[in-house]
file target29.txt (compact mmCIF, C-alpha atoms)
# COMPACT_ATOMS: atom_id res chain seq x y z
CA MET A 1 0.84 -31.21 -3.59
CA SER A 2 0.64 -27.47 -3.07
CA ALA A 3 3.58 -25.27 -3.98
CA ALA A 4 5.66 -24.02 -1.10
CA ILE A 5 4.78 -20.49 -0.06
CA GLN A 6 7.65 -18.16 -0.80
CA PRO A 7 8.30 -15.39 1.71
CA VAL A 8 7.85 -11.85 0.46
CA LEU A 9 11.25 -10.19 0.67
CA ALA A 10 12.22 -6.59 0.19
CA ALA A 11 14.31 -5.80 -2.86
CA PRO A 12 18.03 -5.86 -1.94
CA ARG A 13 18.43 -2.13 -2.45
CA ASP A 14 15.44 -1.36 -0.22
CA SER A 15 17.11 -3.14 2.68
CA LEU A 16 20.17 -0.90 2.61
CA PRO A 17 20.74 1.80 5.24
CA ALA A 18 19.16 5.10 4.19
CA ARG A 19 22.53 6.87 4.23
CA ILE A 20 23.70 4.48 1.48
CA LYS A 21 20.47 3.97 -0.41
CA ASP A 22 19.88 7.70 -0.69
CA LEU A 23 23.33 8.66 -1.99
CA SER A 24 22.86 10.92 -4.99
CA VAL A 25 24.45 10.36 -8.38
CA ASN A 26 27.70 12.27 -8.86
CA GLN A 27 26.72 14.58 -11.71
CA ILE A 28 30.34 15.19 -12.74
CA ALA A 29 30.83 11.47 -13.37
CA GLU A 30 27.38 11.25 -14.96
CA ILE A 31 28.30 13.81 -17.63
CA ALA A 32 31.78 12.31 -18.10
CA ASP A 33 30.36 8.80 -18.60
CA MET A 34 28.36 10.08 -21.56
CA ALA A 35 31.49 10.67 -23.64
CA ARG A 36 34.62 9.27 -21.96
CA GLU A 37 35.48 7.30 -25.10
CA ASP A 38 34.58 10.01 -27.62
CA PRO A 39 37.87 11.28 -29.11
CA GLU A 40 36.19 14.40 -30.52
CA VAL A 41 35.21 15.78 -27.11
CA ILE A 42 37.58 18.14 -25.27
CA LYS A 43 37.22 16.81 -21.74
CA LEU A 44 37.27 19.53 -19.09
CA TRP A 45 34.77 17.98 -16.68
CA ILE A 46 37.02 16.22 -14.15
CA GLY A 47 39.90 17.68 -12.14
CA GLU A 48 42.66 16.12 -14.19
CA GLY A 49 45.43 17.61 -16.29
CA ASP A 50 46.44 16.48 -19.76
CA LEU A 51 50.12 15.82 -19.00
CA PRO A 52 51.26 12.20 -18.52
CA THR A 53 52.89 11.19 -15.26
CA PRO A 54 56.54 12.34 -15.50
CA PRO A 55 59.11 9.66 -16.43
CA PHE A 56 61.06 9.91 -13.16
CA VAL A 57 57.91 8.77 -11.33
CA THR A 58 57.00 5.88 -13.63
CA GLU A 59 60.62 4.73 -13.77
CA ALA A 60 60.78 4.63 -9.97
CA ALA A 61 57.66 2.43 -9.91
CA GLU A 62 59.09 0.12 -12.57
CA ALA A 63 62.41 -0.18 -10.75
CA ALA A 64 60.62 -0.96 -7.50
CA MET A 65 58.52 -3.66 -9.15
CA ARG A 66 61.59 -5.25 -10.74
CA ALA A 67 63.29 -5.16 -7.33
CA GLY A 68 60.43 -7.17 -5.84
CA GLN A 69 58.63 -4.32 -4.05
CA THR A 70 55.26 -5.96 -4.64
CA ARG A 71 54.41 -7.29 -1.18
CA TYR A 72 52.50 -6.03 1.84
CA THR A 73 54.07 -3.19 3.78
CA TYR A 74 53.31 -0.81 6.66
CA SER A 75 49.64 0.20 6.72
CA GLN A 76 50.68 3.76 7.63
CA GLY A 77 53.05 3.89 4.66
CA LEU A 78 56.75 3.34 4.02
CA PRO A 79 58.88 5.23 6.58
CA ARG A 80 61.01 6.59 3.73
CA LEU A 81 57.90 8.01 2.04
CA ARG A 82 56.67 9.62 5.23
CA GLN A 83 60.11 11.16 5.75
CA ALA A 84 59.94 12.53 2.20
CA LEU A 85 56.64 14.17 3.16
CA THR A 86 58.31 15.73 6.20
CA ASP A 87 60.99 17.17 3.91
CA TYR A 88 58.40 18.36 1.37
CA HIS A 89 56.38 20.29 3.96
CA ARG A 90 59.52 21.85 5.42
CA ARG A 91 60.68 22.90 1.97
CA HIS A 92 57.42 24.55 0.87
CA TRP A 93 55.77 25.79 4.08
CA GLY A 94 58.62 25.93 6.57
CA VAL A 95 56.83 23.60 9.00
CA GLU A 96 58.23 20.65 10.92
CA VAL A 97 55.83 17.71 10.77
CA PRO A 98 57.47 14.47 11.98
CA GLU A 99 57.03 11.39 9.81
CA HIS A 100 54.87 9.60 12.39
CA ARG A 101 52.11 12.19 11.87
CA PHE A 102 51.59 11.13 8.22
CA ALA A 103 49.59 8.21 6.86
CA ILE A 104 49.56 7.16 3.21
CA THR A 105 46.11 6.67 1.70
CA ALA A 106 44.52 5.47 -1.53
CA GLY A 107 44.27 8.99 -2.95
CA GLY A 108 42.90 12.18 -1.45
CA MET A 109 39.39 10.71 -1.45
CA ASN A 110 40.45 7.93 0.91
CA ALA A 111 42.28 10.47 3.08
CA ILE A 112 39.00 12.34 3.55
CA MET A 113 37.13 9.09 4.17
CA GLN A 114 39.60 8.04 6.86
CA ALA A 115 39.37 11.49 8.46
CA MET A 116 35.58 11.16 8.68
CA GLN A 117 35.84 7.59 9.95
CA ALA A 118 38.14 8.81 12.71
CA ILE A 119 36.00 11.65 14.06
CA LEU A 120 32.32 11.22 13.11
CA SER A 121 29.49 9.47 14.91
CA PRO A 122 26.01 9.11 13.37
CA GLY A 123 24.16 12.41 13.47
CA ASP A 124 27.27 14.57 13.78
CA GLU A 125 27.24 17.72 11.66
CA VAL A 126 30.11 18.97 9.50
CA ILE A 127 30.04 22.56 8.24
CA ILE A 128 31.22 23.03 4.64
CA PRO A 129 31.54 26.32 2.72
CA GLY A 130 29.66 26.06 -0.54
CA PRO A 131 29.68 25.56 -3.42
CA HIS A 132 31.80 22.52 -2.64
CA TRP A 133 33.18 19.31 -4.14
CA PRO A 134 30.29 16.78 -4.02
CA ASN A 135 32.44 13.91 -2.75
CA LEU A 136 33.07 15.74 0.51
CA ALA A 137 29.39 15.95 1.43
CA ALA A 138 28.81 12.39 0.24
CA THR A 139 31.61 11.08 2.47
CA ILE A 140 29.99 12.72 5.49
CA ARG A 141 26.68 11.07 4.61
CA VAL A 142 28.31 7.66 4.14
CA MET A 143 29.55 7.93 7.72
CA GLY A 144 26.07 8.81 8.97
CA GLY A 145 26.95 12.47 9.42
CA VAL A 146 25.09 15.54 8.25
CA PRO A 147 26.75 18.06 5.89
CA VAL A 148 25.74 21.65 6.64
CA THR A 149 26.49 24.07 3.81
CA VAL A 150 27.43 27.66 4.61
CA PRO A 151 27.40 29.62 1.34
CA LEU A 152 30.46 31.64 0.47
CA ARG A 153 29.60 35.31 0.19
CA ARG A 154 30.07 37.10 -3.12
CA GLY A 155 31.31 40.64 -3.42
CA GLU A 156 30.28 43.25 -5.95
CA ASN A 157 33.05 42.06 -8.27
CA GLY A 158 31.83 38.45 -8.03
CA GLY A 159 34.68 37.32 -5.76
CA PHE A 160 34.12 34.78 -3.00
CA SER A 161 34.72 35.15 0.74
CA LEU A 162 33.88 33.17 3.89
CA ALA A 163 32.41 35.13 6.79
CA LEU A 164 33.36 33.84 10.23
CA GLU A 165 29.99 34.94 11.60
CA ASP A 166 28.29 32.62 9.09
CA ILE A 167 30.32 29.70 10.46
CA GLN A 168 29.45 30.72 14.02
CA ALA A 169 25.75 30.91 13.18
CA ALA A 170 25.82 27.39 11.72
CA ILE A 171 27.36 25.76 14.82
CA THR A 172 24.91 23.65 16.84
CA PRO A 173 25.32 21.15 19.68
CA ARG A 174 25.65 18.47 16.95
CA THR A 175 28.53 20.18 15.14
CA ARG A 176 31.68 18.08 15.14
CA ALA A 177 33.87 19.71 12.50
CA VAL A 178 34.35 22.36 9.84
CA ALA A 179 35.77 21.26 6.47
CA ILE A 180 37.75 23.79 4.41
CA ASN A 181 39.01 23.31 0.85
CA SER A 182 41.36 26.16 -0.06
CA PRO A 183 42.24 26.76 -2.87
CA SER A 184 38.71 25.67 -3.62
CA ASN A 185 37.14 23.24 -6.00
CA PRO A 186 35.01 24.52 -7.75
CA THR A 187 35.28 28.28 -7.09
CA GLY A 188 39.03 28.94 -7.00
CA TRP A 189 38.57 30.82 -3.70
CA VAL A 190 41.72 31.03 -1.55
CA MET A 191 41.29 31.58 2.19
CA PRO A 192 43.50 34.45 3.45
CA LYS A 193 45.88 33.55 6.26
CA GLY A 194 44.31 36.03 8.67
CA GLU A 195 40.91 34.39 8.21
CA MET A 196 42.51 30.99 8.74
CA VAL A 197 43.84 32.18 12.11
CA ALA A 198 40.40 33.52 13.09
CA LEU A 199 38.75 30.20 12.17
CA ARG A 200 41.42 28.27 14.08
CA ASP A 201 40.72 30.36 17.19
CA LEU A 202 36.96 29.86 16.88
CA LEU A 203 37.30 26.09 16.55
CA ARG A 204 39.74 25.93 19.47
CA ALA A 205 37.23 27.84 21.61
CA ARG A 206 34.38 25.50 20.57
CA ASP A 207 36.53 22.33 20.78
CA LEU A 208 35.73 21.38 17.19
CA TRP A 209 37.71 19.55 14.52
CA LEU A 210 39.03 21.14 11.35
CA LEU A 211 39.48 19.14 8.16
CA SER A 212 41.63 21.05 5.65
CA ASP A 213 41.72 19.69 2.10
CA GLU A 214 44.89 21.27 0.66
CA VAL A 215 45.30 19.44 -2.63
CA TYR A 216 45.53 22.64 -4.75
CA ASN A 217 47.95 24.64 -2.57
CA HIS A 218 50.53 25.05 -5.35
CA PHE A 219 47.95 26.23 -7.88
CA THR A 220 47.68 29.94 -7.15
CA TYR A 221 48.09 32.87 -9.50
CA GLY A 222 49.58 35.54 -7.27
CA ASN A 223 53.10 35.61 -5.91
CA ALA A 224 53.10 32.68 -3.46
CA ILE A 225 51.60 29.27 -2.88
CA ALA A 226 48.51 29.09 -0.68
CA PRO A 227 49.04 28.95 3.08
CA SER A 228 48.54 25.70 5.00
CA PHE A 229 46.76 25.30 8.31
CA LEU A 230 49.89 23.42 9.39
CA GLU A 231 51.64 26.81 9.52
CA ILE A 232 49.30 28.15 12.20
CA CYS A 233 48.27 25.03 14.14
CA GLY A 234 50.22 23.06 16.70
CA PRO A 235 50.63 19.27 16.93
CA GLY A 236 47.88 19.10 19.57
CA ASP A 237 45.25 20.97 17.58
CA LYS A 238 42.24 19.06 16.26
CA LEU A 239 43.46 19.41 12.68
CA LEU A 240 43.33 16.82 9.89
CA VAL A 241 44.95 17.77 6.56
CA SER A 242 44.19 15.73 3.45
CA ASN A 243 46.26 15.79 0.29
CA THR A 244 47.02 13.76 -2.83
CA PHE A 245 49.72 12.99 -5.36
CA SER A 246 47.12 13.27 -8.14
CA LYS A 247 47.22 16.97 -8.98
CA ASN A 248 50.83 18.13 -8.48
CA TRP A 249 52.49 15.25 -10.31
CA ALA A 250 49.83 14.10 -12.83
CA MET A 251 49.20 10.89 -10.88
CA THR A 252 45.39 10.76 -10.78
CA GLY A 253 45.22 7.08 -11.72
CA TRP A 254 47.88 5.99 -9.24
CA ARG A 255 45.51 6.46 -6.28
CA ALA A 256 47.99 7.75 -3.73
CA GLY A 257 47.46 10.45 -1.12
CA TRP A 258 48.20 11.30 2.47
CA ILE A 259 46.70 12.61 5.66
CA VAL A 260 48.34 14.64 8.44
CA PHE A 261 46.88 14.10 11.91
CA PRO A 262 47.52 15.37 15.45
CA GLU A 263 50.22 14.05 17.72
CA GLY A 264 49.30 10.75 19.33
CA MET A 265 46.94 9.49 16.60
CA ASP A 266 49.39 7.41 14.57
CA GLY A 267 47.93 4.18 15.99
CA VAL A 268 44.43 5.26 14.96
CA PHE A 269 45.45 5.92 11.36
CA ALA A 270 47.65 2.83 11.15
CA SER A 271 44.53 0.82 12.03
CA LEU A 272 42.28 2.76 9.66
CA GLY A 273 44.79 2.20 6.86
CA GLN A 274 44.87 -1.50 7.66
CA TYR A 275 41.10 -1.86 7.61
CA ASN A 276 40.55 0.34 4.56
CA THR A 277 43.19 -0.92 2.15
CA THR A 278 45.88 -2.82 4.15
CA SER A 279 48.26 -0.47 2.34
CA ILE A 280 48.56 1.05 -1.09
CA PRO A 281 50.92 -0.89 -3.40
CA THR A 282 54.53 -0.74 -2.26
CA PHE A 283 55.92 0.06 -5.71
CA ILE A 284 53.52 3.02 -5.99
CA GLN A 285 54.89 4.35 -2.71
CA HIS A 286 58.38 4.29 -4.24
CA ALA A 287 57.00 6.30 -7.16
CA CYS A 288 55.59 8.80 -4.64
CA ILE A 289 59.02 9.19 -3.05
CA ALA A 290 60.41 10.11 -6.46
CA ALA A 291 57.58 12.61 -7.00
CA LEU A 292 58.31 14.37 -3.70
CA ASP A 293 62.10 14.32 -4.00
CA GLN A 294 62.41 15.19 -7.70
CA GLY A 295 59.12 16.81 -8.67
CA ASP A 296 59.30 20.50 -7.71
CA ASP A 297 60.21 21.56 -11.26
CA PHE A 298 57.32 19.53 -12.63
CA ILE A 299 54.93 21.33 -10.27
CA ARG A 300 56.21 24.68 -11.53
CA THR A 301 55.61 23.52 -15.11
CA MET A 302 52.06 22.45 -14.26
CA VAL A 303 51.25 25.74 -12.57
CA ALA A 304 52.71 27.80 -15.44
CA ARG A 305 50.57 25.92 -17.99
CA CYS A 306 47.49 26.42 -15.82
CA ARG A 307 48.22 30.13 -15.48
CA GLU A 308 48.30 30.61 -19.25
CA SER A 309 45.23 28.43 -19.90
CA ARG A 310 43.39 30.30 -17.15
CA ARG A 311 44.14 33.55 -19.00
CA ILE A 312 42.88 32.13 -22.29
CA PHE A 313 39.55 31.04 -20.79
CA CYS A 314 39.01 34.15 -18.68
CA ASP A 315 39.73 36.46 -21.61
CA GLY A 316 37.73 34.39 -24.09
CA LEU A 317 34.67 33.74 -21.96
CA GLY A 318 34.72 37.30 -20.63
CA ALA A 319 34.34 38.61 -24.17
CA ILE A 320 31.14 36.65 -24.85
CA PRO A 321 27.96 38.65 -24.21
CA GLY A 322 25.95 37.29 -21.28
CA ILE A 323 28.77 35.23 -19.77
CA ARG A 324 29.45 36.00 -16.10
CA LEU A 325 32.65 34.87 -14.39
CA GLN A 326 35.20 35.82 -11.75
CA PRO A 327 38.84 34.80 -12.45
CA PRO A 328 39.78 32.17 -9.85
CA GLU A 329 42.52 32.99 -7.34
CA GLY A 330 43.63 29.38 -7.10
CA SER A 331 43.02 25.71 -8.00
CA PHE A 332 42.54 24.98 -11.71
CA TYR A 333 38.80 25.47 -12.02
CA LEU A 334 36.66 28.27 -13.41
CA MET A 335 32.95 28.70 -12.71
CA PHE A 336 30.86 30.78 -15.07
CA SER A 337 27.22 31.25 -16.02
CA LYS A 338 25.28 32.30 -19.10
CA ASP A 339 22.39 34.73 -18.84
CA GLY A 340 19.08 33.07 -19.52
CA GLU A 341 20.20 29.52 -18.70
CA THR A 342 18.36 27.91 -15.78
CA ASP A 343 19.26 24.21 -16.07
CA SER A 344 23.00 23.59 -15.77
CA ARG A 345 22.75 19.83 -16.29
CA ALA A 346 20.79 20.26 -19.52
CA LEU A 347 23.22 22.97 -20.60
CA ALA A 348 26.22 20.71 -19.93
CA ILE A 349 24.63 17.89 -21.94
CA ARG A 350 23.81 20.23 -24.83
CA LEU A 351 27.34 21.63 -24.82
CA LEU A 352 28.74 18.11 -24.81
CA ARG A 353 26.64 16.97 -27.75
CA GLU A 354 26.57 20.12 -29.85
CA GLY A 355 29.79 21.88 -28.89
CA LYS A 356 31.96 18.81 -28.15
CA VAL A 357 33.26 20.28 -24.89
CA GLY A 358 32.70 18.44 -21.62
CA LEU A 359 32.07 20.61 -18.53
CA ALA A 360 30.55 19.87 -15.11
CA PRO A 361 27.13 21.30 -14.16
CA GLY A 362 27.00 23.73 -11.26
CA THR A 363 24.33 21.67 -9.51
CA ALA A 364 27.00 19.01 -8.88
CA PHE A 365 28.51 21.39 -6.31
CA GLY A 366 25.33 22.29 -4.47
CA GLU A 367 24.74 25.43 -6.50
CA ASN A 368 21.29 26.82 -7.26
CA ASP A 369 20.38 25.87 -10.80
CA ASP A 370 21.16 29.17 -12.48
CA GLY A 371 23.08 27.76 -15.40
CA LYS A 372 26.56 27.70 -13.85
CA LEU A 373 29.20 25.41 -15.30
CA ARG A 374 32.63 24.39 -13.98
CA LEU A 375 35.59 24.15 -16.32
CA CYS A 376 38.94 22.51 -15.52
CA PHE A 377 41.80 24.43 -17.15
CA ALA A 378 44.68 22.09 -16.19
CA ILE A 379 45.48 21.65 -19.88
CA SER A 380 47.93 22.93 -22.44
CA PRO A 381 47.39 26.47 -23.75
CA GLY A 382 47.01 25.01 -27.23
CA LEU A 383 44.14 22.76 -26.16
CA ALA A 384 42.66 25.67 -24.20
CA GLU A 385 42.60 27.72 -27.41
CA GLN A 386 40.77 24.90 -29.22
CA ALA A 387 38.25 24.55 -26.41
CA MET A 388 37.70 28.31 -26.31
CA GLU A 389 36.96 28.36 -30.04
CA ARG A 390 34.25 25.75 -29.52
CA LEU A 391 32.82 27.51 -26.46
CA ASN A 392 32.75 30.78 -28.33
CA ALA A 393 30.90 29.24 -31.26
CA PHE A 394 28.41 27.45 -29.00
CA PHE A 395 27.51 30.38 -26.76
CA ARG A 396 27.42 32.99 -29.50
CA LYS A 397 25.09 30.75 -31.53
CA GLY A 398 22.63 30.91 -28.64
call {"tool": "encode", "arguments": {"input": "target29.txt", "output": "structure tokens"}}
result
Amino acid sequence: MSAAIQPVLAAPRDSLPARIKDLSVNQIAEIADMAREDPEVIKLWIGEGDLPTPPFVTEAAEAAMRAGQTRYTYSQGLPRLRQALTDYHRRHWGVEVPEHRFAITAGGMNAIMQAMQAILSPGDEVIIPGPHWPNLAATIRVMGGVPVTVPLRRGENGGFSLALEDIQAAITPRTRAVAINSPSNPTGWVMPKGEMVALRDLLRARDLWLLSDEVYNHFTYGNAIAPSFLEICGPGDKLLVSNTFSKNWAMTGWRAGWIVFPEGMDGVFASLGQYNTTSIPTFIQHACIAALDQGDDFIRTMVARCRESRRIFCDGLGAIPGIRLQPPEGSFYLMFSKDGETDSRALAIRLLREGKVGLAPGTAFGENDDGKLRLCFAISPGLAEQAMERLNAFFRKG
């Protein structure tokens, strides 16, 4: 009896949609995975501070769990949490955003994903200033969209700027949105308010969406926090603002964020929340209320530590021959390059293994491979001094 003929089937991965199959490896995570468990490595690769979540946040979560707040809740988020967000935005930016224009998400990443789910159709283009956070472009691709990078310009002093005419030149009939991250990961660029107004007017005239990722607004090193597009846009503007509890309150592992959307779209984001996650855990939402209501002093502490660690790295790296850098205006990242280096991934791996400092390669952010590295300085000044000693020894050794 002859054996049954087996059909020839494609490998499971080969049958996936191209937009999924062709997703690139996140090089930040790739480097981090090489030494996450190595206690000798000073880990400056991922956007995460070294402070633990403050006790008033963890205690609020524990109290909520003990009180039985462990069941399903509103997919858009607890009304009390959304009201706390209204109060928070009024307190820091002087804007009135009613609670029904907020939705609670599973971190800032999920806020961006829901924004793209809401507005993109396959083939739509989203303009992004670059270099940019790789997850943003990947999210656009996951939704079948096309990220279009517009490089930030660099002045004679190495500073970054975004030219409105470059945005205009990139707009095509397929353009659906422009995505801005200010203060920026990875460059530390902060968009001036006047340029924000000009961009708003351009997008209004072209009937395009604006996604503003404002997770680093408190982390600036001048005299004021960074402006928000909520200050200059009305409730009917095509504006989506993503944010997270991760950075301000040392809550990266809690996976809690929020999105602000235009008037009349609460039903859309209630449904998207339902179909993405149902809701984030109820007890975590109580912890988020505590962060918003009690956490302003903690934010000031975080920013002060970052300011001092920024100084340590800028001064230390700036004194090494062949190192090129521009002190960041905001966020808690520093990009720098070393003359003669042409492979940032290989340089990051070498620095990890020989220097015991973990940094992200510039190619992770869409940069040309000219040896740039990104460093996260959301750490204590003492740890910054240790890291700088290692960086100094590594780069001076050649």
call {"tool": "closest_residue", "arguments": {"input": "target29.txt", "among": "A:Glu354, A:Glu48, A:Asp201, A:Glu59", "to": "Phe245 (chain A)", "atoms": "all atoms listed in the file"}}
result
A:Glu48
call {"tool": "residues_around", "arguments": {"input": "target29.txt", "residues": "Gly144 (chain A)", "least_positions_apart": "4", "cutoff": "7 Å", "atoms": "all atoms listed in the file", "output": "PyMOL selection string"}}
result
chain A and resi 19+121-123+140
call {"tool": "atom_distance", "arguments": {"input": "target29.txt", "atom1": "CA of Glu308 (chain A)", "atom2": "CA of Pro327 (chain A)"}}
result
12.4 Å
call {"tool": "atom_distance", "arguments": {"input": "target29.txt", "atom1": "CA of Leu162 (chain A)", "atom2": "CA of Leu199 (chain A)"}}
result
10.1 Å
call {"tool": "atom_distance", "arguments": {"input": "target29.txt", "atom1": "CA of Leu51 (chain A)", "atom2": "CA of Asn248 (chain A)"}}
result
10.8 Å
call {"tool": "residues_around", "arguments": {"input": "target29.txt", "residues": "Ser184 (chain A)", "least_positions_apart": "5", "cutoff": "12 Å", "atoms": "only C-alpha atoms", "output": "VMD selection string"}}
result
chain A and resid 47 128 to 133 152 160 to 162 179 189 to 191 212 to 220 226 328 to 335 365
call {"tool": "residues_around", "arguments": {"input": "target29.txt", "residues": "Ser337 (chain A)", "least_positions_apart": "2", "cutoff": "7 Å", "atoms": "only C-alpha atoms", "output": "list in words"}}
result
Ile323, Arg324, Leu325, Asp339, Gly371, Lys372 and Leu373 of chain A
call {"tool": "residues_around", "arguments": {"input": "target29.txt", "residues": "Thr278 (chain A)", "least_positions_apart": "3", "cutoff": "10 Å", "atoms": "all atoms listed in the file", "output": "ChimeraX atom specification"}}
result
/A:72-77,105,270-275,281
call {"tool": "closest_residue", "arguments": {"input": "target29.txt", "among": "A:Arg204, A:Arg255, A:Arg80, A:Arg154", "to": "Asp237 (chain A)", "atoms": "all atoms listed in the file"}}
result
A:Arg204
